[in-house]
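To start, the structure itself, in structure tokens.
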Amino acid sequence: MANMNNHQMIAMVQAARGDASMPKKEPAPTRIRQTTKPELNKTERRGIEFLKRRYPDAKLRIHSKTYVLANGVRYTPEATAVIDGVERAWEVKGPKIWDDATVKIKVAANEFPEIIWNMIWEDKKTKEWRSQIILSREQA
């Protein structure tokens, strides 16, 4: 009896009561939900490759940290790493930068001034990557 699951125990109790109806089939175990979408878009992948070339010894963590900025507002930079004992975070942007992304990285810089926040983008004319450090109000 110790090795019986709930489904088997319910069936045994119902049989002992004379209940002729069969218990419902036990539901299949649920699977852990996993996304099949690519982790990064094309621009972000190129930006991460740039960061890997620029910081070859750094362990870049892709979309691994989410920062709580306010009640229900979260921000996940494309990459984070600790370089020379200082945490850095990067946001990769294409030619169109949405207002919410710039606002979130500015708020993150104010909420977490101990982190160096960077925005990187590819110059379409020169094909070179540009970088800008986002300063907190205290640092500006």
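So you can find residues: chains in the structure tokens are A, B, ... in the order shown, residues in each start at 1, and ligands are numbered from 1 in order.
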
When DSSP works through the backbone of this structure, what residues of chain A end up as helix (DSSP H, G or I), shown as an MDAnalysis selection string?
chainID A and resid 6:17 42:54 99:111

Can you pull out the residues contacting segment 65-69 of chain A? Cut-off 9 Å, using only C-alpha atoms, and skip same-chain residues under 2 positions away; I want them as an MDAnalysis selection string.
chainID A and resid 61:63 71:80 104 107:108 111:112

Using N, CA and C atoms, can you export the residues from the last selection as a tab-separated table (two decimals), in the first residue's frame?
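And here's part_8.tsv as it stands now:
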```tsv
chain	number	residue	atom	x	y	z
A	61	ARG	N	27.37	36.80	-19.88
A	61	ARG	CA	26.11	36.10	-19.57
A	61	ARG	C	25.01	36.77	-20.39
A	62	ILE	N	24.37	36.00	-21.23
A	62	ILE	CA	23.37	36.52	-22.17
A	62	ILE	C	21.98	36.41	-21.56
A	63	HIS	N	21.29	37.54	-21.47
A	63	HIS	CA	19.91	37.61	-20.93
A	63	HIS	C	19.78	36.84	-19.62
A	71	ASN	N	7.69	48.82	-9.43
A	71	ASN	CA	6.63	47.85	-9.22
A	71	ASN	C	6.15	47.28	-10.56
A	72	GLY	N	6.57	46.05	-10.87
A	72	GLY	CA	6.15	45.40	-12.10
A	72	GLY	C	6.97	45.75	-13.32
A	73	VAL	N	7.99	46.61	-13.18
A	73	VAL	CA	8.82	46.99	-14.33
A	73	VAL	C	10.16	46.27	-14.18
A	74	ARG	N	10.50	45.50	-15.19
A	74	ARG	CA	11.74	44.74	-15.18
A	74	ARG	C	12.56	45.07	-16.42
A	75	TYR	N	13.87	44.92	-16.27
A	75	TYR	CA	14.77	45.21	-17.38
A	75	TYR	C	15.83	44.10	-17.45
A	76	THR	N	15.98	43.52	-18.63
A	76	THR	CA	16.97	42.48	-18.86
A	76	THR	C	17.92	42.95	-19.97
A	77	PRO	N	19.16	43.29	-19.62
A	77	PRO	CA	20.11	43.69	-20.66
A	77	PRO	C	20.53	42.47	-21.48
A	78	GLU	N	21.06	42.73	-22.68
A	78	GLU	CA	21.48	41.62	-23.54
A	78	GLU	C	22.60	40.81	-22.90
A	79	ALA	N	23.55	41.48	-22.27
A	79	ALA	CA	24.70	40.77	-21.70
A	79	ALA	C	25.16	41.46	-20.43
A	80	THR	N	25.72	40.65	-19.53
A	80	THR	CA	26.36	41.15	-18.32
A	80	THR	C	27.67	40.39	-18.14
A	104	LYS	N	14.46	52.54	-19.71
A	104	LYS	CA	14.79	51.47	-18.77
A	104	LYS	C	16.27	51.44	-18.43
A	107	VAL	N	16.97	54.36	-16.08
A	107	VAL	CA	16.46	54.08	-14.73
A	107	VAL	C	17.36	53.05	-14.05
A	108	ALA	N	17.78	52.02	-14.80
A	108	ALA	CA	18.66	51.00	-14.23
A	108	ALA	C	19.98	51.62	-13.77
A	111	GLU	N	19.21	53.24	-10.47
A	111	GLU	CA	18.89	52.28	-9.41
A	111	GLU	C	20.09	51.44	-9.00
A	112	PHE	N	20.98	51.16	-9.95
A	112	PHE	CA	22.14	50.31	-9.70
A	112	PHE	C	23.42	51.02	-10.16
```

Run DSSP on the backbone and grab whatever in chain A lands in strand (DSSP E or B); send it over as a PyMOL selection string.
chain A and resi 61-62+67-70+73-75+79-83+86-93+116-122+129-134

Point-to-point distance from atom CA of Ala109 of chain A to atom CA of Arg130 of chain A, Å rounded to tenths:
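Answer for the atom CA of Ala109 of chain A to atom CA of Arg130 of chain A separation: 18.8 Å.
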
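Note that the spacing between atom CA of Arg46 of chain A and atom CA of Ile133 of chain A amounts to 19.0 Å.
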
List as number ranges by chain the protein and nucleic acid residues near Gly94 of chain A, meaning an atom at most 12 Å away when only C-alpha atoms are counted, but skip any in the same chain fewer than 6 places from it.
A: 41-47, 101, 119-124, 127, 129-130

Include N, CA and C atoms and write out the residues we just selected as a PDB file, in the first residue's frame.
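Result went into result.pdb, see below:
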```pdb
ATOM      1  N   ASN A  41      18.219  38.428 -31.500  1.00  0.00           N
ATOM      2  CA  ASN A  41      17.983  38.720 -32.914  1.00  0.00           C
ATOM      3  C   ASN A  41      19.329  38.922 -33.610  1.00  0.00           C
ATOM      4  N   LYS A  42      19.322  39.193 -34.916  1.00  0.00           N
ATOM      5  CA  LYS A  42      20.565  39.294 -35.692  1.00  0.00           C
ATOM      6  C   LYS A  42      21.478  40.409 -35.189  1.00  0.00           C
ATOM      7  N   THR A  43      20.902  41.564 -34.913  1.00  0.00           N
ATOM      8  CA  THR A  43      21.700  42.695 -34.431  1.00  0.00           C
ATOM      9  C   THR A  43      22.323  42.369 -33.076  1.00  0.00           C
ATOM     10  N   GLU A  44      21.532  41.775 -32.199  1.00  0.00           N
ATOM     11  CA  GLU A  44      22.041  41.417 -30.872  1.00  0.00           C
ATOM     12  C   GLU A  44      23.157  40.377 -30.981  1.00  0.00           C
ATOM     13  N   ARG A  45      23.011  39.416 -31.883  1.00  0.00           N
ATOM     14  CA  ARG A  45      24.063  38.403 -32.064  1.00  0.00           C
ATOM     15  C   ARG A  45      25.366  39.052 -32.537  1.00  0.00           C
ATOM     16  N   ARG A  46      25.267  39.984 -33.488  1.00  0.00           N
ATOM     17  CA  ARG A  46      26.468  40.694 -33.951  1.00  0.00           C
ATOM     18  C   ARG A  46      27.077  41.512 -32.816  1.00  0.00           C
ATOM     19  N   GLY A  47      26.243  42.143 -32.008  1.00  0.00           N
ATOM     20  CA  GLY A  47      26.735  42.918 -30.872  1.00  0.00           C
ATOM     21  C   GLY A  47      27.443  42.050 -29.845  1.00  0.00           C
ATOM     22  N   ALA A 101      13.262  51.259 -24.130  1.00  0.00           N
ATOM     23  CA  ALA A 101      14.595  50.694 -23.886  1.00  0.00           C
ATOM     24  C   ALA A 101      15.538  51.747 -23.325  1.00  0.00           C
ATOM     25  N   MET A 119      25.426  51.110 -23.700  1.00  0.00           N
ATOM     26  CA  MET A 119      24.572  50.881 -24.859  1.00  0.00           C
ATOM     27  C   MET A 119      25.514  50.805 -26.055  1.00  0.00           C
ATOM     28  N   ILE A 120      25.376  49.746 -26.868  1.00  0.00           N
ATOM     29  CA  ILE A 120      26.212  49.624 -28.056  1.00  0.00           C
ATOM     30  C   ILE A 120      25.323  49.524 -29.290  1.00  0.00           C
ATOM     31  N   TRP A 121      25.852  50.040 -30.406  1.00  0.00           N
ATOM     32  CA  TRP A 121      25.127  49.980 -31.673  1.00  0.00           C
ATOM     33  C   TRP A 121      26.135  49.982 -32.802  1.00  0.00           C
ATOM     34  N   GLU A 122      25.701  49.498 -33.957  1.00  0.00           N
ATOM     35  CA  GLU A 122      26.574  49.433 -35.123  1.00  0.00           C
ATOM     36  C   GLU A 122      26.330  50.646 -36.005  1.00  0.00           C
ATOM     37  N   ASP A 123      27.410  51.370 -36.316  1.00  0.00           N
ATOM     38  CA  ASP A 123      27.322  52.511 -37.223  1.00  0.00           C
ATOM     39  C   ASP A 123      27.121  51.952 -38.625  1.00  0.00           C
ATOM     40  N   LYS A 124      26.015  52.299 -39.245  1.00  0.00           N
ATOM     41  CA  LYS A 124      25.673  51.728 -40.552  1.00  0.00           C
ATOM     42  C   LYS A 124      26.639  52.157 -41.655  1.00  0.00           C
ATOM     43  N   LYS A 127      30.277  50.549 -40.333  1.00  0.00           N
ATOM     44  CA  LYS A 127      30.168  49.150 -39.873  1.00  0.00           C
ATOM     45  C   LYS A 127      30.962  48.900 -38.598  1.00  0.00           C
ATOM     46  N   TRP A 129      31.338  49.257 -34.382  1.00  0.00           N
ATOM     47  CA  TRP A 129      30.462  49.302 -33.215  1.00  0.00           C
ATOM     48  C   TRP A 129      30.809  50.504 -32.359  1.00  0.00           C
ATOM     49  N   ARG A 130      29.805  51.198 -31.917  1.00  0.00           N
ATOM     50  CA  ARG A 130      29.942  52.371 -31.047  1.00  0.00           C
ATOM     51  C   ARG A 130      29.437  51.984 -29.660  1.00  0.00           C
TER      52      ARG A 130
END
```

Report, in Å with one decimal, the straight-line distance from atom CA of Asn118 of chain A to atom CA of Lys59 of chain A.
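Computed distance, atom CA of Asn118 of chain A to atom CA of Lys59 of chain A, equals 16.3 Å.
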